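The data block below is query19.pdb; it holds PDB, C-alpha atoms, pLDDT in the B column.
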ATOM      1  CA  MET A   1      88.419  89.619  95.626  1.00 49.00           C
ATOM      2  CA  GLY A   2      88.135  85.982  94.562  1.00 58.00           C
ATOM      3  CA  THR A   3      90.654  83.236  94.937  1.00 64.00           C
ATOM      4  CA  GLN A   4      93.277  82.980  92.209  1.00 60.00           C
ATOM      5  CA  VAL A   5      92.963  79.455  90.784  1.00 63.00           C
ATOM      6  CA  ALA A   6      95.694  79.553  88.136  1.00 64.00           C
ATOM      7  CA  THR A   7      99.104  79.526  89.774  1.00 70.00           C
ATOM      8  CA  ASN A   8     101.146  80.236  86.653  1.00 65.00           C
ATOM      9  CA  VAL A   9      99.782  83.778  86.155  1.00 65.00           C
ATOM     10  CA  THR A  10     101.824  86.938  86.656  1.00 70.00           C
ATOM     11  CA  PHE A  11     100.267  90.386  86.418  1.00 71.00           C
ATOM     12  CA  GLN A  12     101.974  92.399  83.683  1.00 73.00           C
ATOM     13  CA  LYS A  13     102.361  96.121  84.343  1.00 77.00           C
ATOM     14  CA  HIS A  14     101.569  98.306  81.334  1.00 71.00           C
ATOM     15  CA  HIS A  15     104.208 100.654  79.966  1.00 75.00           C
ATOM     16  CA  VAL A  16     101.567 103.332  79.312  1.00 72.00           C
ATOM     17  CA  SER A  17      99.884 105.003  82.279  1.00 76.00           C
ATOM     18  CA  ARG A  18      96.169 105.631  82.654  1.00 70.00           C
ATOM     19  CA  ASP A  19      96.848 109.373  82.420  1.00 72.00           C
ATOM     20  CA  LYS A  20      98.733 108.911  79.150  1.00 71.00           C
ATOM     21  CA  ARG A  21      95.890 106.823  77.690  1.00 68.00           C
ATOM     22  CA  GLY A  22      93.357 109.464  78.708  1.00 65.00           C
ATOM     23  CA  TYR A  23      95.470 112.171  77.138  1.00 67.00           C
ATOM     24  CA  THR A  24      95.693 110.354  73.821  1.00 65.00           C
ATOM     25  CA  LEU A  25      91.910 109.945  73.777  1.00 66.00           C
ATOM     26  CA  GLY A  26      91.568 113.722  73.922  1.00 62.00           C
ATOM     27  CA  ARG A  27      91.007 114.360  77.595  1.00 57.00           C
ATOM     28  CA  HIS A  28      87.973 116.501  78.170  1.00 57.00           C
ATOM     29  CA  ARG A  29      88.990 119.019  80.815  1.00 60.00           C
ATOM     30  CA  GLY A  30      91.321 116.447  82.363  1.00 62.00           C
ATOM     31  CA  PHE A  31      88.755 113.643  82.501  1.00 64.00           C
ATOM     32  CA  ARG A  32      90.166 110.195  81.785  1.00 73.00           C
ATOM     33  CA  GLY A  33      87.664 107.384  82.264  1.00 84.00           C
ATOM     34  CA  CYS A  34      85.669 105.897  85.083  1.00 91.00           C
ATOM     35  CA  THR A  35      82.976 103.347  85.883  1.00 94.00           C
ATOM     36  CA  VAL A  36      79.391 104.405  86.554  1.00 94.00           C
ATOM     37  CA  TRP A  37      77.250 101.596  87.942  1.00 92.00           C
ATOM     38  CA  PHE A  38      73.467 101.687  87.436  1.00 92.00           C
ATOM     39  CA  THR A  39      71.818  99.133  89.691  1.00 87.00           C
ATOM     40  CA  GLY A  40      68.332  98.174  90.696  1.00 82.00           C
ATOM     41  CA  LEU A  41      65.486  95.848  89.924  1.00 82.00           C
ATOM     42  CA  SER A  42      64.680  94.498  86.474  1.00 80.00           C
ATOM     43  CA  GLY A  43      62.761  97.003  84.335  1.00 84.00           C
ATOM     44  CA  ALA A  44      63.742 100.002  86.471  1.00 87.00           C
ATOM     45  CA  GLY A  45      65.232 101.916  83.513  1.00 90.00           C
ATOM     46  CA  LYS A  46      68.928 101.393  84.192  1.00 91.00           C
ATOM     47  CA  THR A  47      69.832 100.618  80.584  1.00 90.00           C
ATOM     48  CA  SER A  48      67.694 103.425  79.163  1.00 92.00           C
ATOM     49  CA  ILE A  49      69.411 105.967  81.404  1.00 94.00           C
ATOM     50  CA  SER A  50      72.913 104.618  80.787  1.00 92.00           C
ATOM     51  CA  PHE A  51      72.441 104.481  77.004  1.00 93.00           C
ATOM     52  CA  HIS A  52      71.164 108.082  76.993  1.00 94.00           C
ATOM     53  CA  LEU A  53      74.185 109.109  79.070  1.00 94.00           C
ATOM     54  CA  GLU A  54      76.457 107.241  76.662  1.00 92.00           C
ATOM     55  CA  GLU A  55      74.935 109.132  73.727  1.00 93.00           C
ATOM     56  CA  TRP A  56      75.288 112.456  75.571  1.00 92.00           C
ATOM     57  CA  LEU A  57      78.950 111.845  76.471  1.00 89.00           C
ATOM     58  CA  ILE A  58      79.867 110.697  72.942  1.00 86.00           C
ATOM     59  CA  SER A  59      78.169 113.760  71.451  1.00 86.00           C
ATOM     60  CA  ARG A  60      80.551 115.876  73.531  1.00 83.00           C
ATOM     61  CA  GLY A  61      83.661 113.971  72.483  1.00 81.00           C
ATOM     62  CA  ILE A  62      83.925 111.942  75.688  1.00 84.00           C
ATOM     63  CA  SER A  63      84.635 108.239  75.212  1.00 85.00           C
ATOM     64  CA  ALA A  64      81.938 106.011  76.759  1.00 89.00           C
ATOM     65  CA  TYR A  65      80.480 102.541  76.366  1.00 92.00           C
ATOM     66  CA  GLY A  66      77.304 101.086  77.864  1.00 93.00           C
ATOM     67  CA  LEU A  67      77.527  97.578  79.294  1.00 93.00           C
ATOM     68  CA  ASP A  68      74.064  96.041  79.651  1.00 90.00           C
ATOM     69  CA  GLY A  69      73.244  92.873  81.585  1.00 87.00           C
ATOM     70  CA  ASP A  70      71.359  91.163  78.749  1.00 86.00           C
ATOM     71  CA  ASN A  71      74.006  92.067  76.172  1.00 89.00           C
ATOM     72  CA  ILE A  72      76.806  90.720  78.371  1.00 90.00           C
ATOM     73  CA  ARG A  73      74.873  87.479  78.936  1.00 89.00           C
ATOM     74  CA  THR A  74      74.660  86.868  75.164  1.00 89.00           C
ATOM     75  CA  GLY A  75      78.456  86.804  74.888  1.00 90.00           C
ATOM     76  CA  LEU A  76      81.000  86.906  77.695  1.00 92.00           C
ATOM     77  CA  ASN A  77      78.636  85.496  80.313  1.00 92.00           C
ATOM     78  CA  GLN A  78      76.524  83.181  78.166  1.00 91.00           C
ATOM     79  CA  ASP A  79      77.700  80.256  80.311  1.00 95.00           C
ATOM     80  CA  LEU A  80      76.050  81.686  83.433  1.00 93.00           C
ATOM     81  CA  GLY A  81      72.532  81.210  84.718  1.00 91.00           C
ATOM     82  CA  PHE A  82      70.707  83.066  87.465  1.00 88.00           C
ATOM     83  CA  SER A  83      71.633  81.119  90.584  1.00 90.00           C
ATOM     84  CA  PRO A  84      73.121  83.250  93.390  1.00 88.00           C
ATOM     85  CA  LYS A  85      76.580  81.864  92.524  1.00 91.00           C
ATOM     86  CA  ASP A  86      76.176  82.664  88.810  1.00 91.00           C
ATOM     87  CA  ARG A  87      74.827  86.152  89.549  1.00 88.00           C
ATOM     88  CA  LYS A  88      77.874  86.871  91.692  1.00 87.00           C
ATOM     89  CA  GLU A  89      80.212  85.628  88.947  1.00 91.00           C
ATOM     90  CA  ASN A  90      78.336  87.696  86.343  1.00 90.00           C
ATOM     91  CA  ILE A  91      78.927  90.881  88.335  1.00 90.00           C
ATOM     92  CA  ARG A  92      82.544  89.955  89.077  1.00 90.00           C
ATOM     93  CA  ARG A  93      83.310  89.520  85.359  1.00 93.00           C
ATOM     94  CA  VAL A  94      81.546  92.738  84.409  1.00 92.00           C
ATOM     95  CA  ALA A  95      83.415  94.659  87.101  1.00 92.00           C
ATOM     96  CA  GLU A  96      86.709  93.420  85.642  1.00 94.00           C
ATOM     97  CA  VAL A  97      85.672  94.464  82.113  1.00 95.00           C
ATOM     98  CA  ALA A  98      84.557  97.887  83.399  1.00 94.00           C
ATOM     99  CA  LYS A  99      87.877  98.296  85.182  1.00 92.00           C
ATOM    100  CA  LEU A 100      89.725  97.658  81.908  1.00 92.00           C
ATOM    101  CA  PHE A 101      87.499 100.119  80.031  1.00 92.00           C
ATOM    102  CA  ALA A 102      88.089 102.821  82.645  1.00 90.00           C
ATOM    103  CA  ASP A 103      91.821 102.164  82.691  1.00 87.00           C
ATOM    104  CA  SER A 104      91.863 102.589  78.910  1.00 85.00           C
ATOM    105  CA  GLY A 105      90.294 106.049  79.283  1.00 84.00           C
ATOM    106  CA  THR A 106      86.758 105.023  78.334  1.00 89.00           C
ATOM    107  CA  ASN A 107      83.825 105.623  80.665  1.00 92.00           C
ATOM    108  CA  ALA A 108      82.139 102.291  81.400  1.00 95.00           C
ATOM    109  CA  LEU A 109      78.395 102.700  81.998  1.00 95.00           C
ATOM    110  CA  CYS A 110      77.232  99.471  83.646  1.00 95.00           C
ATOM    111  CA  SER A 111      73.535  98.537  83.871  1.00 91.00           C
ATOM    112  CA  PHE A 112      73.002  95.433  85.968  1.00 88.00           C
ATOM    113  CA  GLY A 113      70.123  94.183  88.030  1.00 82.00           C
ATOM    114  CA  SER A 114      70.556  93.552  91.716  1.00 69.00           C
ATOM    115  CA  PRO A 115      67.633  91.405  92.801  1.00 61.00           C
ATOM    116  CA  PHE A 116      69.081  90.686  96.236  1.00 59.00           C
ATOM    117  CA  ALA A 117      68.598  93.391  98.875  1.00 56.00           C
ATOM    118  CA  ALA A 118      71.929  92.531 100.536  1.00 56.00           C
ATOM    119  CA  VAL A 119      73.784  93.131  97.268  1.00 52.00           C
ATOM    120  CA  ARG A 120      72.055  96.469  96.698  1.00 47.00           C
ATOM    121  CA  MET A 121      72.974  97.592 100.213  1.00 51.00           C
ATOM    122  CA  LYS A 122      76.626  96.604  99.643  1.00 52.00           C
ATOM    123  CA  GLU A 123      76.734  98.450  96.296  1.00 48.00           C
ATOM    124  CA  ASN A 124      75.340 101.592  97.912  1.00 49.00           C
ATOM    125  CA  GLY A 125      78.216 101.591 100.382  1.00 50.00           C
TER     126      GLY A 125
END
Spell out the structure here as structure tokens.
Amino acid sequence: MGTQVATNVTFQKHHVSRDKRGYTLGRHRGFRGCTVWFTGLSGAGKTSISFHLEEWLISRGISAYGLDGDNIRTGLNQDLGFSPKDRKENIRRVAEVAKLFADSGTNALCSFGSPFAAVRMKENG
């Protein structure tokens, strides 16, 4: 986890639990949101697979949203380049967004390139 720069920030605990959010979304056999991370080299098919999975889940009434590296870089992360520092920040921001999606009961399907072998090894556990 990164260093907290702002000192006047206090985490606010929600009054609605993750389970309650999942229930209101119409839990599918008790399922309530998660993050699925598709990683690999550029052009490997991560986005194609995740967008097909998104379509499949939605067709079955399961909330899902695909987060693609290029799409994220045209908005939230448009201020980032491709230096190692910027790549790390890109992934950190996306992970936070995915965490919020999953907490809301939506399945976050994340497609992001990992050009550095060390990063891919870390992601694979």
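Computed from the coordinates, the atom CA of A:Thr74 to atom CA of A:Ile58 distance equals 24.5 Å.
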Ranking A:Leu100, A:Gln12, A:Gly66, A:Ser48 by minimum distance to A:Val36 and counting only C-alpha atoms, which one comes first?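 Nearest to A:Val36: A:Gly66.
Close to (77.5, 94.2, 82.0), meaning no more than 7 Å away when counting all atoms listed in the file, sit the residues Leu67, Asp68, Gly69, Ile72, Val94, Cys110, Ser111 and Phe112 of chain A.
Put simply, atom CA of A:Asn107 is 25.5 Å away from atom CA of A:Asp86.
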Atom CA of A:Arg32 to atom CA of A:Leu57, straight-line distance in Å: 12.5 Å
Selection in question (the file shown): the PyMOL selection byres ((chain A and resi 104) around 12). Which residues does it include, as a VMD selection string? chain A and resid 14 16 to 25 27 32 to 35 63 to 65 97 to 103 105 to 108
Residue selection dump (C-alpha atoms) as a PDB file, keeping the file's coordinate frame:
ATOM      1  CA  HIS A  14     101.569  98.306  81.334  1.00 71.00           C
ATOM      2  CA  VAL A  16     101.567 103.332  79.312  1.00 72.00           C
ATOM      3  CA  SER A  17      99.884 105.003  82.279  1.00 76.00           C
ATOM      4  CA  ARG A  18      96.169 105.631  82.654  1.00 70.00           C
ATOM      5  CA  ASP A  19      96.848 109.373  82.420  1.00 72.00           C
ATOM      6  CA  LYS A  20      98.733 108.911  79.150  1.00 71.00           C
ATOM      7  CA  ARG A  21      95.890 106.823  77.690  1.00 68.00           C
ATOM      8  CA  GLY A  22      93.357 109.464  78.708  1.00 65.00           C
ATOM      9  CA  TYR A  23      95.470 112.171  77.138  1.00 67.00           C
ATOM     10  CA  THR A  24      95.693 110.354  73.821  1.00 65.00           C
ATOM     11  CA  LEU A  25      91.910 109.945  73.777  1.00 66.00           C
ATOM     12  CA  ARG A  27      91.007 114.360  77.595  1.00 57.00           C
ATOM     13  CA  ARG A  32      90.166 110.195  81.785  1.00 73.00           C
ATOM     14  CA  GLY A  33      87.664 107.384  82.264  1.00 84.00           C
ATOM     15  CA  CYS A  34      85.669 105.897  85.083  1.00 91.00           C
ATOM     16  CA  THR A  35      82.976 103.347  85.883  1.00 94.00           C
ATOM     17  CA  SER A  63      84.635 108.239  75.212  1.00 85.00           C
ATOM     18  CA  ALA A  64      81.938 106.011  76.759  1.00 89.00           C
ATOM     19  CA  TYR A  65      80.480 102.541  76.366  1.00 92.00           C
ATOM     20  CA  VAL A  97      85.672  94.464  82.113  1.00 95.00           C
ATOM     21  CA  ALA A  98      84.557  97.887  83.399  1.00 94.00           C
ATOM     22  CA  LYS A  99      87.877  98.296  85.182  1.00 92.00           C
ATOM     23  CA  LEU A 100      89.725  97.658  81.908  1.00 92.00           C
ATOM     24  CA  PHE A 101      87.499 100.119  80.031  1.00 92.00           C
ATOM     25  CA  ALA A 102      88.089 102.821  82.645  1.00 90.00           C
ATOM     26  CA  ASP A 103      91.821 102.164  82.691  1.00 87.00           C
ATOM     27  CA  GLY A 105      90.294 106.049  79.283  1.00 84.00           C
ATOM     28  CA  THR A 106      86.758 105.023  78.334  1.00 89.00           C
ATOM     29  CA  ASN A 107      83.825 105.623  80.665  1.00 92.00           C
ATOM     30  CA  ALA A 108      82.139 102.291  81.400  1.00 95.00           C
TER      31      ALA A 108
END
Answer key for the PyMOL selection byres ((chain A and resi 113) around 6), residues as a ChimeraX atom specification: /A:39-42,112,114
